[in-house]
$ cat start-v5.tsv   # TSV, C-alpha atoms and all ligand atoms
chain	number	residue	atom	x	y	z
A	1	MET	CA	80.96	-21.99	197.88
A	2	ASN	CA	83.73	-20.57	200.06
A	3	LEU	CA	82.74	-21.99	203.45
A	4	ALA	CA	85.57	-20.33	205.39
A	5	GLU	CA	84.32	-16.93	204.20
A	6	LEU	CA	80.66	-17.77	205.00
A	7	ASN	CA	81.71	-18.91	208.47
A	8	LYS	CA	83.66	-15.67	209.02
A	9	ILE	CA	80.60	-13.57	208.14
A	10	ALA	CA	78.33	-15.73	210.31
A	11	ARG	CA	80.67	-15.31	213.28
A	12	ALA	CA	80.83	-11.55	212.72
A	13	MET	CA	77.01	-11.47	212.83
A	14	VAL	CA	77.10	-12.88	216.36
A	15	ALA	CA	80.31	-11.15	217.54
A	16	PRO	CA	80.52	-10.62	221.33
A	17	GLY	CA	78.21	-7.86	222.51
A	18	LYS	CA	76.56	-7.45	219.11
A	19	GLY	CA	73.32	-8.51	217.46
A	20	LEU	CA	71.17	-7.85	214.42
A	21	LEU	CA	68.67	-5.10	213.70
A	22	ALA	CA	65.70	-6.53	211.82
A	23	ALA	CA	64.60	-3.47	209.82
A	24	ASP	CA	63.10	-5.56	207.01
A	25	GLU	CA	59.42	-4.82	207.53
A	26	SER	CA	57.50	-5.29	204.30
A	27	SER	CA	55.53	-2.28	202.98
A	28	GLY	CA	52.39	-3.68	204.65
A	29	THR	CA	54.05	-4.18	208.04
A	30	ILE	CA	55.83	-0.82	208.18
A	31	LYS	CA	52.50	0.84	207.33
A	32	LYS	CA	51.01	-0.80	210.44
A	33	ARG	CA	53.94	0.48	212.55
A	34	PHE	CA	53.61	3.99	211.09
A	35	ASP	CA	49.83	3.98	211.57
A	36	ALA	CA	50.46	3.43	215.29
A	37	ILE	CA	52.47	6.69	215.45
A	38	SER	CA	50.23	8.55	212.97
A	39	VAL	CA	52.88	8.79	210.26
A	40	GLU	CA	51.97	8.34	206.61
A	41	SER	CA	53.85	5.43	205.03
A	42	THR	CA	55.42	7.19	202.04
A	43	GLU	CA	58.68	6.15	200.40
A	44	ASP	CA	60.37	9.29	201.79
A	45	ASN	CA	59.10	8.72	205.34
A	46	ARG	CA	60.27	5.12	205.27
A	47	ARG	CA	63.65	6.32	204.04
A	48	ASP	CA	63.91	9.10	206.66
A	49	TYR	CA	63.02	6.70	209.46
A	50	ARG	CA	65.54	4.05	208.47
A	51	GLU	CA	68.20	6.66	207.75
A	52	MET	CA	67.72	7.88	211.33
A	53	LEU	CA	68.47	4.37	212.62
A	54	PHE	CA	71.44	3.73	210.35
A	55	ARG	CA	73.01	7.12	211.25
A	56	SER	CA	72.89	6.27	214.97
A	57	ARG	CA	76.67	5.98	215.10
A	58	GLU	CA	77.14	4.61	218.63
A	59	ALA	CA	74.44	1.96	218.27
A	60	MET	CA	75.50	0.91	214.79
A	61	SER	CA	79.21	0.67	215.51
A	62	SER	CA	79.15	-0.73	219.06
A	63	TYR	CA	76.03	-2.89	219.40
A	64	ILE	CA	74.73	-3.81	215.93
A	65	SER	CA	76.58	-6.39	213.83
A	66	GLY	CA	74.27	-6.26	210.83
A	67	VAL	CA	70.96	-4.97	209.50
A	68	ILE	CA	68.28	-6.97	207.71
A	69	LEU	CA	66.85	-4.78	204.93
A	70	TYR	CA	63.72	-4.95	202.83
A	71	ASP	CA	64.05	-4.86	199.03
A	72	GLU	CA	62.96	-1.19	198.80
A	73	THR	CA	65.55	-0.10	201.38
A	74	ILE	CA	68.55	-1.86	199.88
A	75	TRP	CA	68.13	0.24	196.71
A	76	GLN	CA	67.34	3.53	198.51
A	77	ASN	CA	69.68	6.47	199.02
A	78	ALA	CA	69.87	8.71	202.09
A	79	LYS	CA	68.69	12.31	201.70
A	80	ASP	CA	72.22	13.39	200.73
A	81	GLY	CA	72.41	10.70	198.01
A	82	THR	CA	74.56	8.17	199.92
A	83	PRO	CA	73.19	4.64	199.47
A	84	LEU	CA	71.67	3.46	202.77
A	85	VAL	CA	73.78	0.31	202.40
A	86	ARG	CA	76.92	2.48	202.54
A	87	LEU	CA	75.78	4.08	205.84
A	88	ILE	CA	75.55	0.61	207.35
A	89	GLU	CA	78.96	-0.44	206.02
A	90	GLU	CA	80.59	2.83	207.12
A	91	ALA	CA	79.42	2.17	210.68
A	92	GLY	CA	81.16	-1.22	210.54
A	93	ALA	CA	77.96	-3.29	210.28
A	94	ILE	CA	77.00	-5.83	207.62
A	95	PRO	CA	74.04	-5.30	205.27
A	96	GLY	CA	71.62	-8.21	204.87
A	97	ILE	CA	68.38	-8.73	202.96
A	98	LYS	CA	65.02	-10.36	203.54
A	99	VAL	CA	64.45	-12.54	200.49
A	100	ASP	CA	61.23	-14.36	201.28
A	101	GLU	CA	58.09	-12.96	199.66
A	102	GLY	CA	55.77	-13.43	202.61
A	103	THR	CA	53.31	-16.18	203.37
A	104	GLN	CA	50.48	-17.81	201.42
A	105	ALA	CA	47.65	-20.12	202.48
A	106	LEU	CA	48.83	-23.75	202.45
A	107	PRO	CA	46.46	-25.88	200.36
A	108	ASN	CA	44.69	-28.71	202.24
A	109	CYS	CA	45.77	-27.25	205.59
A	110	PRO	CA	43.14	-24.77	206.79
A	111	GLY	CA	44.62	-21.89	208.79
A	112	GLU	CA	48.22	-22.76	207.96
A	113	LEU	CA	50.79	-20.92	205.86
A	114	VAL	CA	53.75	-21.58	203.63
A	115	THR	CA	56.42	-19.01	202.81
A	116	ALA	CA	56.86	-18.03	199.14
A	117	GLY	CA	59.83	-16.67	197.21
A	118	LEU	CA	61.95	-19.53	195.83
A	119	ASP	CA	61.23	-18.73	192.17
A	120	LYS	CA	64.11	-16.75	190.62
A	121	LEU	CA	65.78	-16.60	194.04
A	122	ALA	CA	69.24	-17.40	192.59
A	123	GLU	CA	69.03	-14.37	190.27
A	124	ARG	CA	67.80	-12.10	193.06
A	125	LEU	CA	70.59	-13.23	195.40
A	126	ALA	CA	73.23	-12.37	192.78
A	127	LYS	CA	71.83	-8.82	192.51
A	128	TYR	CA	71.71	-8.38	196.28
A	129	TYR	CA	75.28	-9.64	196.64
A	130	ALA	CA	76.45	-7.09	194.06
A	131	ARG	CA	74.71	-4.38	196.10
A	132	GLY	CA	76.58	-5.42	199.27
A	133	ALA	CA	74.32	-7.96	201.04
A	134	ARG	CA	76.37	-10.63	202.78
A	135	PHE	CA	73.53	-12.42	204.56
A	136	ALA	CA	69.84	-13.05	203.96
A	137	LYS	CA	66.70	-13.92	205.89
A	138	TRP	CA	63.75	-16.23	205.20
A	139	ARG	CA	60.94	-16.52	207.74
A	140	ALA	CA	58.67	-19.54	207.99
A	141	VAL	CA	55.57	-19.10	210.15
A	142	ILE	CA	54.08	-21.90	212.25
A	143	ASP	CA	50.95	-21.22	214.28
A	144	ILE	CA	49.80	-23.17	217.32
A	145	GLY	CA	46.08	-23.82	217.68
A	146	ALA	CA	43.47	-26.55	217.89
A	147	GLY	CA	44.83	-29.40	215.73
A	148	ILE	CA	47.69	-27.33	214.31
A	149	PRO	CA	50.48	-27.28	213.36
A	150	SER	CA	50.12	-30.18	210.96
A	151	MET	CA	53.15	-32.22	209.98
A	152	THR	CA	52.41	-31.03	206.44
A	153	ALA	CA	52.95	-27.39	207.39
A	154	ILE	CA	56.11	-28.19	209.34
A	155	SER	CA	57.54	-30.26	206.45
A	156	VAL	CA	56.85	-27.90	203.57
A	157	ASN	CA	58.17	-24.92	205.51
A	158	ALA	CA	61.33	-26.78	206.56
A	159	HIS	CA	61.85	-27.90	202.97
A	160	ALA	CA	61.54	-24.31	201.70
A	161	LEU	CA	63.91	-23.00	204.40
A	162	ALA	CA	66.53	-25.54	203.34
A	163	ARG	CA	66.05	-24.78	199.61
A	164	TYR	CA	66.56	-21.09	200.41
A	165	ALA	CA	69.60	-21.77	202.61
A	166	ALA	CA	71.30	-23.90	199.94
A	167	LEU	CA	70.70	-21.22	197.29
A	168	CYS	CA	72.14	-18.53	199.60
A	169	GLN	CA	75.32	-20.46	200.27
A	170	ALA	CA	75.78	-21.09	196.54
A	171	ALA	CA	75.57	-17.28	196.12
A	172	GLN	CA	78.12	-16.73	198.93
A	173	ILE	CA	75.46	-15.27	201.22
A	174	VAL	CA	74.95	-16.46	204.82
A	175	PRO	CA	71.36	-17.66	205.32
A	176	ILE	CA	69.49	-16.74	208.48
A	177	VAL	CA	67.15	-19.68	208.91
A	178	GLU	CA	64.04	-18.44	210.72
A	179	PRO	CA	61.33	-20.96	211.60
A	180	GLU	CA	59.05	-18.82	213.79
A	181	VAL	CA	56.53	-20.53	216.04
A	182	LEU	CA	54.06	-17.75	216.82
A	183	MET	CA	53.21	-16.74	220.39
A	184	ASP	CA	49.68	-15.61	219.49
A	185	GLY	CA	47.66	-18.52	220.93
A	186	ASP	CA	46.40	-19.52	224.37
A	187	HIS	CA	48.85	-22.44	224.73
A	188	ASP	CA	51.25	-22.78	227.64
A	189	ILE	CA	55.03	-22.72	227.48
A	190	ASP	CA	55.35	-26.52	227.39
A	191	ARG	CA	53.22	-26.71	224.25
A	192	CYS	CA	55.46	-24.03	222.72
A	193	VAL	CA	58.52	-26.16	223.56
A	194	GLU	CA	56.95	-29.31	222.11
A	195	VAL	CA	56.01	-27.63	218.81
A	196	THR	CA	59.27	-25.67	218.49
A	197	GLN	CA	61.32	-28.83	219.02
A	198	ARG	CA	59.39	-30.59	216.25
A	199	VAL	CA	59.92	-27.62	213.96
A	200	LEU	CA	63.65	-27.32	214.72
A	201	ASN	CA	64.23	-31.06	214.32
A	202	LYS	CA	62.49	-31.11	210.95
A	203	THR	CA	64.33	-27.98	209.83
A	204	PHE	CA	67.76	-29.42	210.64
A	205	GLN	CA	66.80	-32.72	208.99
A	206	GLU	CA	65.96	-30.84	205.77
A	207	LEU	CA	69.12	-28.74	206.01
A	208	ARG	CA	71.16	-31.94	206.18
A	209	ILE	CA	69.26	-33.61	203.32
A	210	GLN	CA	69.91	-30.56	201.14
A	211	ARG	CA	73.60	-30.44	202.15
A	212	VAL	CA	73.52	-27.01	203.74
A	213	ALA	CA	76.79	-26.29	205.57
A	214	LEU	CA	75.76	-25.63	209.15
A	215	GLU	CA	78.99	-23.67	209.80
A	216	GLY	CA	77.80	-21.11	207.24
A	217	MET	CA	74.36	-20.23	208.62
A	218	ILE	CA	72.67	-18.48	211.57
A	219	LEU	CA	69.53	-19.79	213.29
A	220	LYS	CA	66.82	-17.29	214.18
A	221	PRO	CA	64.33	-19.07	216.43
A	222	ASN	CA	61.54	-18.02	218.76
A	223	MET	CA	62.11	-18.41	222.47
A	224	ALA	CA	60.06	-20.88	224.53
A	225	VAL	CA	57.31	-18.60	225.85
A	226	SER	CA	53.67	-18.87	226.91
A	227	GLY	CA	51.08	-17.97	224.29
A	228	LYS	CA	49.97	-14.33	224.66
A	229	LYS	CA	46.43	-15.41	225.53
A	230	SER	CA	47.47	-18.10	228.01
A	231	LYS	CA	46.28	-17.63	231.59
A	232	THR	CA	49.61	-18.90	232.91
A	233	GLN	CA	52.53	-16.74	231.88
A	234	ALA	CA	55.98	-18.26	232.43
A	235	GLY	CA	58.45	-15.97	234.22
A	236	VAL	CA	61.93	-14.95	233.08
A	237	ALA	CA	63.81	-17.84	234.73
A	238	GLU	CA	61.47	-20.47	233.25
A	239	VAL	CA	61.62	-18.98	229.76
A	240	ALA	CA	65.42	-18.91	229.89
A	241	GLU	CA	65.79	-22.43	231.27
A	242	LYS	CA	63.28	-24.02	228.86
A	243	THR	CA	64.61	-22.16	225.81
A	244	VAL	CA	68.18	-23.23	226.52
A	245	ARG	CA	67.12	-26.85	227.06
A	246	MET	CA	65.05	-26.83	223.86
A	247	LEU	CA	67.92	-25.44	221.79
A	248	LYS	CA	70.45	-27.85	223.26
A	249	ASN	CA	68.14	-30.72	222.26
A	250	CYS	CA	67.82	-29.60	218.66
A	251	VAL	CA	70.62	-27.32	217.41
A	252	PRO	CA	73.98	-28.82	216.38
A	253	ALA	CA	77.03	-27.21	217.97
A	254	SER	CA	78.50	-26.46	214.52
A	255	VAL	CA	75.92	-23.67	213.98
A	256	PRO	CA	77.98	-20.48	214.53
A	257	GLY	CA	75.26	-18.60	216.38
A	258	ILE	CA	71.66	-18.15	217.39
A	259	ALA	CA	69.94	-14.77	217.07
A	260	PHE	CA	66.41	-14.66	218.47
A	261	LEU	CA	63.38	-12.90	217.06
A	262	SER	CA	61.32	-10.89	219.58
A	263	GLY	CA	57.97	-12.02	218.18
A	264	GLY	CA	55.73	-9.61	220.05
A	265	GLN	CA	57.41	-9.73	223.48
A	266	SER	CA	57.67	-6.39	225.26
A	267	ASP	CA	61.01	-4.60	224.85
A	268	GLU	CA	62.06	-5.35	228.37
A	269	ASP	CA	60.94	-9.00	228.34
A	270	ALA	CA	62.94	-9.62	225.16
A	271	THR	CA	66.02	-8.15	226.85
A	272	ALA	CA	65.49	-9.88	230.21
A	273	HIS	CA	64.99	-13.30	228.58
A	274	LEU	CA	68.15	-13.00	226.48
A	275	ASP	CA	70.12	-11.86	229.51
A	276	ALA	CA	68.89	-14.74	231.69
A	277	MET	CA	69.86	-17.30	229.05
A	278	ASN	CA	73.35	-15.89	228.75
A	279	ARG	CA	73.72	-15.94	232.53
A	280	ILE	CA	73.06	-19.72	232.42
A	281	GLY	CA	76.12	-19.92	230.14
A	282	GLY	CA	78.11	-22.99	229.08
A	283	LEU	CA	76.43	-23.03	225.66
A	284	PRO	CA	78.00	-24.23	222.40
A	285	TRP	CA	76.83	-21.15	220.44
A	286	PRO	CA	76.62	-17.40	221.13
A	287	LEU	CA	73.02	-16.35	221.86
A	288	THR	CA	72.13	-12.86	220.68
A	289	PHE	CA	69.27	-10.78	219.30
A	290	SER	CA	67.84	-10.21	215.84
A	291	TYR	CA	64.99	-8.04	216.99
A	292	GLY	CA	62.54	-6.01	214.97
A	293	ARG	CA	59.82	-4.70	217.25
A	294	ALA	CA	61.84	-4.98	220.50
A	295	LEU	CA	64.52	-2.65	219.05
A	296	GLN	CA	62.28	-0.29	217.12
A	297	ALA	CA	59.11	0.34	219.12
A	298	ALA	CA	60.84	2.94	221.33
A	299	PRO	CA	62.61	4.88	218.54
A	300	GLN	CA	59.45	4.85	216.41
A	301	LYS	CA	57.49	6.46	219.23
A	302	ALA	CA	60.23	8.99	220.04
A	303	TRP	CA	60.57	9.98	216.36
A	304	SER	CA	56.87	10.07	215.42
A	305	GLY	CA	57.72	11.29	211.94
A	306	LYS	CA	59.17	14.68	212.99
A	307	ALA	CA	62.64	15.77	211.84
A	308	ASN	CA	63.10	17.61	215.17
A	309	ASN	CA	62.75	14.32	216.99
A	310	VAL	CA	65.60	12.55	215.17
A	311	PRO	CA	68.06	12.95	218.10
A	312	ALA	CA	65.44	11.57	220.53
A	313	GLY	CA	64.71	8.65	218.18
A	314	GLN	CA	68.42	7.90	217.92
A	315	ARG	CA	68.81	8.04	221.70
A	316	ALA	CA	65.92	5.60	222.15
A	317	PHE	CA	67.39	3.22	219.56
A	318	THR	CA	70.87	3.44	221.08
A	319	HIS	CA	69.49	2.68	224.53
A	320	ARG	CA	67.63	-0.46	223.40
A	321	ALA	CA	70.59	-1.64	221.32
A	322	HIS	CA	72.88	-1.09	224.34
A	323	MET	CA	70.55	-2.98	226.70
A	324	ASN	CA	70.36	-5.92	224.29
A	325	SER	CA	74.13	-5.86	223.82
A	326	LEU	CA	74.51	-6.20	227.59
A	327	ALA	CA	71.93	-9.01	227.59
A	328	SER	CA	73.86	-10.86	224.88
A	329	LYS	CA	76.75	-10.98	227.39
A	330	GLY	CA	74.56	-11.73	230.44
A	331	GLU	CA	75.46	-8.30	231.88
A	332	TRP	CA	72.13	-6.45	231.75
A	333	THR	CA	70.68	-5.00	234.97
A	334	THR	CA	67.43	-3.17	235.70
A	335	ASP	CA	69.59	-0.33	237.06
A	336	GLN	CA	71.19	0.19	233.67
A	337	GLU	CA	67.77	-0.17	232.05
A	338	GLN	CA	66.44	2.76	234.07
A	339	LYS	CA	69.58	4.88	234.36
A	340	ALA	CA	69.66	5.98	230.73
A	341	LEU	CA	66.01	7.02	230.57
B	1	LIG	P1	60.42	-9.24	215.63
B	1	LIG	O1	61.63	-9.16	216.52
B	1	LIG	O2	59.56	-8.02	215.65
B	1	LIG	O3	59.67	-10.54	215.81
B	1	LIG	O4	60.97	-9.27	214.14
B	1	LIG	C1	62.07	-10.04	213.85
B	1	LIG	C2	61.96	-10.56	212.49
B	1	LIG	O5	62.82	-10.35	211.67
B	1	LIG	C3	60.77	-11.36	212.15
B	1	LIG	O6	60.96	-11.97	210.91
$ encode --input "start-v5.tsv" --output "C-alpha cells" --more "lines below"
Ligand code: 13P
Amino acid sequence: MNLAELNKIARAMVAPGKGLLAADESSGTIKKRFDAISVESTEDNRRDYREMLFRSREAMSSYISGVILYDETIWQNAKDGTPLVRLIEEAGAIPGIKVDEGTQALPNCPGELVTAGLDKLAERLAKYYARGARFAKWRAVIDIGAGIPSMTAISVNAHALARYAALCQAAQIVPIVEPEVLMDGDHDIDRCVEVTQRVLNKTFQELRIQRVALEGMILKPNMAVSGKKSKTQAGVAEVAEKTVRMLKNCVPASVPGIAFLSGGQSDEDATAHLDAMNRIGGLPWPLTFSYGRALQAAPQKAWSGKANNVPAGQRAFTHRAHMNSLASKGEWTTDQEQKAL
C-alpha cells in the first residue's frame, strides 16, 4: 500500500469547493428514478442520462471532485465511443466505483440488513483499478425502529465495512466508508444522534482492528436529522449543531474528509444543512457532499429522457452542484439559490 498516494487522492476528493457525485444507482434504483419521469430504463437511456451529467463541463470541472459509478457505467462508452470514465477524467474529476452488491436479510435479526459483496472483491478491485477507478464505495444500511438496530446488525455491518476498506487500500483504492443510518422512521433527531454515534464508534473500532489507515479513507455518514415520519422536525441550525457535535465525538482527526449522503432530504435542505455546518467552522476535516438524489432530482426532471432537454438538464445539474460547492465553503445564500433559476 502506498499511503501517501491514497492520502493524496482522498484529499483531492474533498478539495475546497468540491464534492462527489453519487451516480452509482443500481439497475433497480435507477429504474425507480426513471419511472418517476416516465423514462424507460434501457441500457442506452441510462448511458445517455449519465453522459449528459459527465459532459456538464462547468459542473464537472469546478464543483465535482469525483463520480461514484455503478458497474455497468464504468464499462460503458459515450455515444461517440469515448469511455464514460474518460469523460470524467478529461473534466479533471476522479472516477470511483460502488463495489458493494446491495443488502440481504440478516439472519436472526428480523427487519435488519447486512451488505453483501466481499467474495472475490480483491479480483474485482484490480479490474476496476485498471479501468481508472481510484476510489470505491460500500454502503451499510442501519434502520431505526422499535427494538432496532440490534448490536448484531451494527457489528456485522461495521466488520464488513472494515473488511472492504482494508481490501481497497491493498488494491491502492481509497475506500469511502458509508454506514448509513436511515431517516425513514418516526424517531426524533436525538435518537438519530444516539444510533449514529453507536454505529460510527463501532465502525472506527473495526477499522482499527483491521488496520485500515485512516489517512487513506473518506467517511460518508448521514447527518443528524429527524425521522421523516417524526412529528417534530429539527430545523437547519439544530441539524448542523448536532451533526457537528456527533462527528467530533466519533471521527478521528486523521480522516482526510467527510462527504455526506443526502438520504432523502430535499435538495435545498441538503444544501442548507451542509452550509450551516461549514459556517460553524473550526473542524478538523473538510465537510462536503457526496449526494445522489440531492444532486440529480432536478436534472432528471429537466431532462425527462428527451435529447432536446439535455442543455436544460445540464443547467439544472450545474446549478445544484454550484449551490453545494458554495455550501461546502459555508458561502451559500438563498439569494444565489434563487438567482440562477
Ligand atoms: P443519496 O444522496 O441519494 O442518499 O445517495 C448517496 C449514496 O451514494 C447512497 O449510497
$ atom_distance --input "start-v5.tsv" --atom1 "atom CA of Glu178 of chain A" --atom2 "atom CA of Ala158 of chain A"
9.7 Å
$ residues_around --input "start-v5.tsv" --residues "segment 332-339 of chain A" --least-positions-apart "6" --cutoff "7 Å" --atoms "all atoms listed in the file" --output "mmCIF file with C-alpha atoms, in the coordinates of the input"
data_model
loop_
_atom_site.group_PDB
_atom_site.id
_atom_site.type_symbol
_atom_site.label_atom_id
_atom_site.label_comp_id
_atom_site.auth_asym_id
_atom_site.auth_seq_id
_atom_site.Cartn_x
_atom_site.Cartn_y
_atom_site.Cartn_z
ATOM 1 C CA ASP A 275 70.120 -11.860 229.510
ATOM 2 C CA MET A 323 70.550 -2.980 226.700
ATOM 3 C CA LEU A 326 74.510 -6.200 227.590
#
$ closest_residue --input "start-v5.tsv" --among "A:Phe54, A:Phe34, A:Tyr63, A:Trp303" --to "Gly19 of chain A" --atoms "only C-alpha atoms"
A:Tyr63
$ residues_around --input "start-v5.tsv" --residues "Gly145 of chain A" --least-positions-apart "4" --cutoff "9 Å" --atoms "all atoms listed in the file" --output "list of chain:residue names"
A:Pro149, A:Gly185, A:Asp186, A:His187
$ residues_near_ligand --input "start-v5.tsv" --ligand "ligand LIG 1 (chain B)" --cutoff "9 Å" --atoms "only C-alpha atoms and all ligand atoms" --output "ChimeraX atom specification"
/A:21-25,68,98,137-141,178,180,220,222,260-265,270,289-296
$ atom_distance --input "start-v5.tsv" --atom1 "atom CA of Lys228 of chain A" --atom2 "atom CA of Met183 of chain A"
5.9 Å
